[in-house]
Every structure is written in structure tokens, then in C-alpha cells.
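Take a look at the structure set out below.
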Amino acid sequence: MPETETETVSARAGGARARGRTGCALVTGASRGIGAAVARALARDGWAVGVNYRSGADAAAGVVSAIEDEGGRALAVAGDVVDPATPDRLFATLEAEFEHPVLALVNNAGVSDDDLTPSMSDAAWDAVIDTDLSAAFRMMRRALRPMMRARCGRIVNVASVVGLRANPGQPNYAAAKAGLIALTKNTAVEVARRGVTVNAVAPGLIETDMTAQLDGDLLARVPARRAGTPEEVAACVRFLVSEEAGYVTGSVLSVDGGLAA
Ligand SMILES: NC(=O)c1ccc[n+]([C@@H]2O[C@H](COP(=O)([O-])OP(=O)(O)OC[C@H]3O[C@@H](n4cnc5c(N)ncnc54)[C@H](OP(=O)(O)O)[C@@H]3O)[C@@H](O)[C@H]2O)c1
């Protein structure tokens, strides 16, 4: 966080400091749910935040307004993360608007399309792998060079408890999230010397649109006997993005009421 008057002005103009550098943040899939809560949490820490969305323009505008009402700075940026051209376009837009590199990236955009393995369609497999794994890889690839040049950066990937433990009926989602965790660890080791950290959070059952259709069976398996909130996940992401988390890298932080324990 800013320490001097000059840095405070600079931070308000462009973003928070990560290890002495000023940058902005990008949260994918931030129009609702966990992503919206993460965008708001990072803005409260002084980051100028890119609020990415695919179809929810009004919802994304609402997130930006909420951040601005709290004195923060944000910009809604449309873009389907599955499109390979999206990372360059989003990063260029934010770098131009906030006049700083993206030094915090949260890969949160995700979808599920459940079925058992014997009956799963190619379309359901591809859609989930493309969105939840391949898109995050392309975002990270685009983010890393400026972060390494700045010798600071934070990447947080939103994985899932299903990437750690089996959940019958989600083979595509499990493979994508387990792959995302492996990608997180591998990249973390590659860039650790450059002052860039790469971590994952693994939420359990969180109250969002994604889980609105689920029945109560899953809840009965949660040791805490309740679903989590997007804000509880956002608090963990906020920590991993903070300066204080500089020695935390390649880790997976479960936010699941004990589900993976
Ligand atoms: N909810 C849970 O219990 C839970 C548990 C574990 C992990 N997670 C993970 O947490 C993340 C967020 O989940 P959520 O529950 O908050 O989901 P959600 O409420 O369904 O919201 C999904 C968000 O992702 C965006 N999105 C989806 N596909 C996109 C694409 N191709 N390009 C850009 N944005 C896209 C949506 O944007 P639009 O609305 O604009 O399309 C929306 O903002 C996901 O990665 C999910 O797998 C969730």
C-alpha cells in the first residue's frame, strides 16, 4: 500500500503497489459471484481494477459503480476469455486506461457443464477445458513478461475443491481445475526468482449463480454445514495479492469449510 504522499497520488491514479511498483489489476469473470467480490476487495486495497465480463454488461457496470462509490477506480472490460485474442486486447485496454502494467491477475472466469464420463459430450468437455484451463494459461502467458520486467507481480487462479478431490459427474471440471492447480505450481516455480508469485484458491461450495441449482446433498458433506460466501473467497485472494504474501507461491489455499480436509 502507498507509503508517501507521492505514492498515494500515484496509487489513486493508477493502482496499488506490489513490492514497490505501481500497477493495475485484472479480474476475469468479475460481473458477478466470486469475481465481483474479488474486484471490490482489490479496489479497497487501492488497486485500479479491470472488471472483465463476457455477457453481463449491466452487472459489470454495477460492480464498477460500487467500486467508484467506495472511492476506488475500475473499468468494465468486455471479452470472452476463450478467444485467444482477448488477453492482448484486455491488457492493452487496461494499460492505456490506467497508465500502468497489470501487476495483479486473477483468473476467475469459469463455467461448469456436468455429466458422467460415459455420457459426456465433446462440446461439454471442450467448453469447460477451454474456459477454466486454457484461457487461464493464455492470460498468465500475457501477464508474465511485464510482471517479470517489473520484478513484481501477483497471479491468483480460482481453482476448486473438485481439482483436489473427486466429485462424480464433473470429470471435465475436475480435469480443468486439477490442471489449473498443476499449471499454478509449475509457473510459480518458473518465475519465483523474478518476484512474481502464482497461487491458487480452491473454493468449496460457495453461494453464487453457479451453485444455485445444486441440491442439499452437497451441503451435508461440508463440515462447516454451510455454504461459503463470495466475500470469504475474495478475502483469501486479497491476501495472496497483498505485499504481505510475497513469500507465498505455488500454494493452493482451500476455502471450503473443511470439505477437502
Ligand atoms: N460457486 C462455487 O461454489 C465455486 C466453487 C469452486 C470454484 N468456483 C470457481 O469460481 C469461479 C467463479 O465462480 P462463480 O460461482 O462466481 O460463477 P458465476 O456466478 O457463474 O460467475 C461466472 C463469471 O464468469 C464469467 N464468465 C464465464 N465464462 C466467461 C468467459 N468465457 N469469458 C469471460 N467471462 C466469463 C461470467 O461472466 P458473464 O456473466 O458476463 O457471462 C461471470 O462473471 C469459477 O472459476 C468457478 O469454477 C466456484
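As shown in the C-alpha cells, the chain order sets the letters A, B, ...; within each chain, residues go from 1, and ligands are also counted from 1 in the order they appear.
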Residues within 9 Å of A:Glu232, only C-alpha atoms, excluding chain neighbours under 6 positions, as a list in words =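 So, after excluding close chain neighbours, the residues are Ile34, Ala37, Ile206 and Val255 of chain A.
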Counting only C-alpha atoms and all ligand atoms, which protein, DNA or RNA residues come within 7 Å of ligand 1, given as a VMD selection string?
-> chain A and resid 28 to 35 52 to 57 79 to 82 108 to 112 131 to 132 158 to 161 202 to 211
Could you save those same residues with C-alpha atoms as a compact mmCIF listing (two decimals), in the first residue's frame?
```txt
# COMPACT_ATOMS: atom_id res chain seq x y z
CA THR A 28 -11.71 -12.16 -15.22
CA GLY A 29 -15.38 -13.04 -14.90
CA ALA A 30 -15.96 -10.19 -12.46
CA SER A 31 -19.52 -9.25 -13.37
CA ARG A 32 -20.99 -11.39 -10.58
CA GLY A 33 -20.29 -14.05 -7.98
CA ILE A 34 -16.75 -14.60 -6.70
CA GLY A 35 -15.14 -12.39 -9.37
CA ASN A 52 -13.86 -8.39 -17.16
CA TYR A 53 -17.16 -9.93 -18.26
CA ARG A 54 -18.47 -11.91 -21.20
CA SER A 55 -22.18 -11.10 -21.45
CA GLY A 56 -23.20 -9.28 -18.26
CA ALA A 57 -22.52 -5.67 -19.29
CA GLY A 79 -14.17 -10.09 -23.57
CA ASP A 80 -14.68 -13.82 -23.89
CA VAL A 81 -11.59 -15.30 -22.26
CA VAL A 82 -11.81 -18.32 -24.57
CA ASN A 108 -11.65 -16.34 -12.05
CA ALA A 109 -13.86 -16.77 -15.15
CA GLY A 110 -15.19 -20.30 -15.14
CA VAL A 111 -18.07 -22.48 -16.24
CA SER A 112 -19.31 -25.98 -15.47
CA THR A 131 -12.70 -21.67 -20.28
CA ASP A 132 -11.39 -22.99 -16.97
CA VAL A 158 -9.52 -19.65 -8.92
CA ALA A 159 -9.49 -23.45 -8.93
CA SER A 160 -11.89 -25.65 -6.94
CA VAL A 161 -12.04 -28.34 -4.28
CA ALA A 202 -9.73 -23.83 -4.11
CA PRO A 203 -13.26 -22.83 -3.11
CA GLY A 204 -15.75 -25.44 -1.96
CA LEU A 205 -19.47 -24.80 -2.08
CA ILE A 206 -19.92 -21.05 -2.50
CA GLU A 207 -23.30 -19.29 -2.84
CA THR A 208 -23.34 -17.96 -6.42
CA ASP A 209 -25.35 -18.41 -9.63
CA MET A 210 -23.11 -21.39 -10.46
CA THR A 211 -24.34 -23.35 -7.44
```
Minimum-distance residue to A:Leu180, chosen among A:Gly228, A:Gly250, A:Gly62, A:Pro223 (using only C-alpha atoms) |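 For A:Leu180, the nearest of the candidates is A:Gly250.
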Top pick for closest residue to A:Ala74, considering A:Ala59, A:Ala43, A:Ala176, A:Ala96 and counting only C-alpha atoms |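 The answer is A:Ala43, which sits nearest to A:Ala74.
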Nearest candidate to A:Ser119 (options A:Asp256, A:Gln170, A:Leu26, A:Ala227; using only C-alpha atoms) =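 Closest residue, counting only C-alpha atoms: A:Gln170.
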In stretch 57-240 of chain A, what's strand (DSSP E or B) per DSSP? Answer as a ChimeraX atom specification?
-> /A:74-78,102-107,153-158,196-203,206,228
Contact table stretch 164-200 of chain A vs stretch 237-249 of chain A, cut-off 8 Å, shortest pair per residue, only C-alpha atoms, as a tab-separated table:
```
residue	atom	partner	partner_atom	distance
A:Lys185	CA	A:Thr249	CA	7.8
A:Ala188	CA	A:Thr249	CA	6.0
A:Val189	CA	A:Thr249	CA	8.0
A:Ala192	CA	A:Thr249	CA	7.5
A:Gly195	CA	A:Gly246	CA	7.8
A:Thr197	CA	A:Thr249	CA	5.0
A:Val198	CA	A:Thr249	CA	5.4
A:Asn199	CA	A:Thr249	CA	5.5
```
May I have the selected residues written with N, CA and C atoms, as a tab-separated table (two decimals), in the first residue's frame?
```
chain	number	residue	atom	x	y	z
A	185	LYS	N	1.35	-24.33	-9.91
A	185	LYS	CA	2.58	-24.73	-9.24
A	185	LYS	C	3.77	-24.65	-10.19
A	188	ALA	N	4.65	-21.04	-10.93
A	188	ALA	CA	5.19	-20.39	-9.72
A	188	ALA	C	6.68	-20.67	-9.58
A	189	VAL	N	7.07	-21.90	-9.83
A	189	VAL	CA	8.48	-22.27	-9.71
A	189	VAL	C	9.31	-21.61	-10.81
A	192	ALA	N	9.58	-17.65	-9.73
A	192	ALA	CA	9.78	-17.25	-8.33
A	192	ALA	C	10.97	-16.29	-8.17
A	195	GLY	N	10.37	-12.34	-8.56
A	195	GLY	CA	9.49	-11.56	-7.69
A	195	GLY	C	8.02	-11.69	-8.02
A	197	THR	N	4.60	-13.97	-7.81
A	197	THR	CA	4.01	-15.13	-7.13
A	197	THR	C	2.80	-15.63	-7.92
A	198	VAL	N	2.61	-16.94	-7.89
A	198	VAL	CA	1.48	-17.57	-8.59
A	198	VAL	C	0.86	-18.56	-7.61
A	199	ASN	N	-0.38	-18.32	-7.25
A	199	ASN	CA	-1.07	-19.18	-6.29
A	199	ASN	C	-2.48	-19.50	-6.78
```
Proximity to A:Arg154 - best of A:Val252, A:Val191, A:Ala123, A:Ile129, only C-alpha atoms =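 Among the listed residues, A:Val191 lies closest to A:Arg154.
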Minimum-distance residue to A:Ala76, chosen among A:Leu164, A:Val196, A:Ala92, A:Val49 (using only C-alpha atoms) =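 Closest residue, counting only C-alpha atoms: A:Val49.
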Assign secondary structure with DSSP using the backbone only, and return the residues of stretch 60-229 of chain A in alpha helix (DSSP H) as a PyMOL selection string.
-> chain A and resi 60-69+86-98+122-129+135-150+171-191+217-221
Provide the atom CA of A:Thr229 to atom CA of A:Gly163 distance in Å, to one decimal place.
-> 19.3 Å
re atom CA of A:Thr93 and atom CA of A:Ala78: distance 10.4 Å
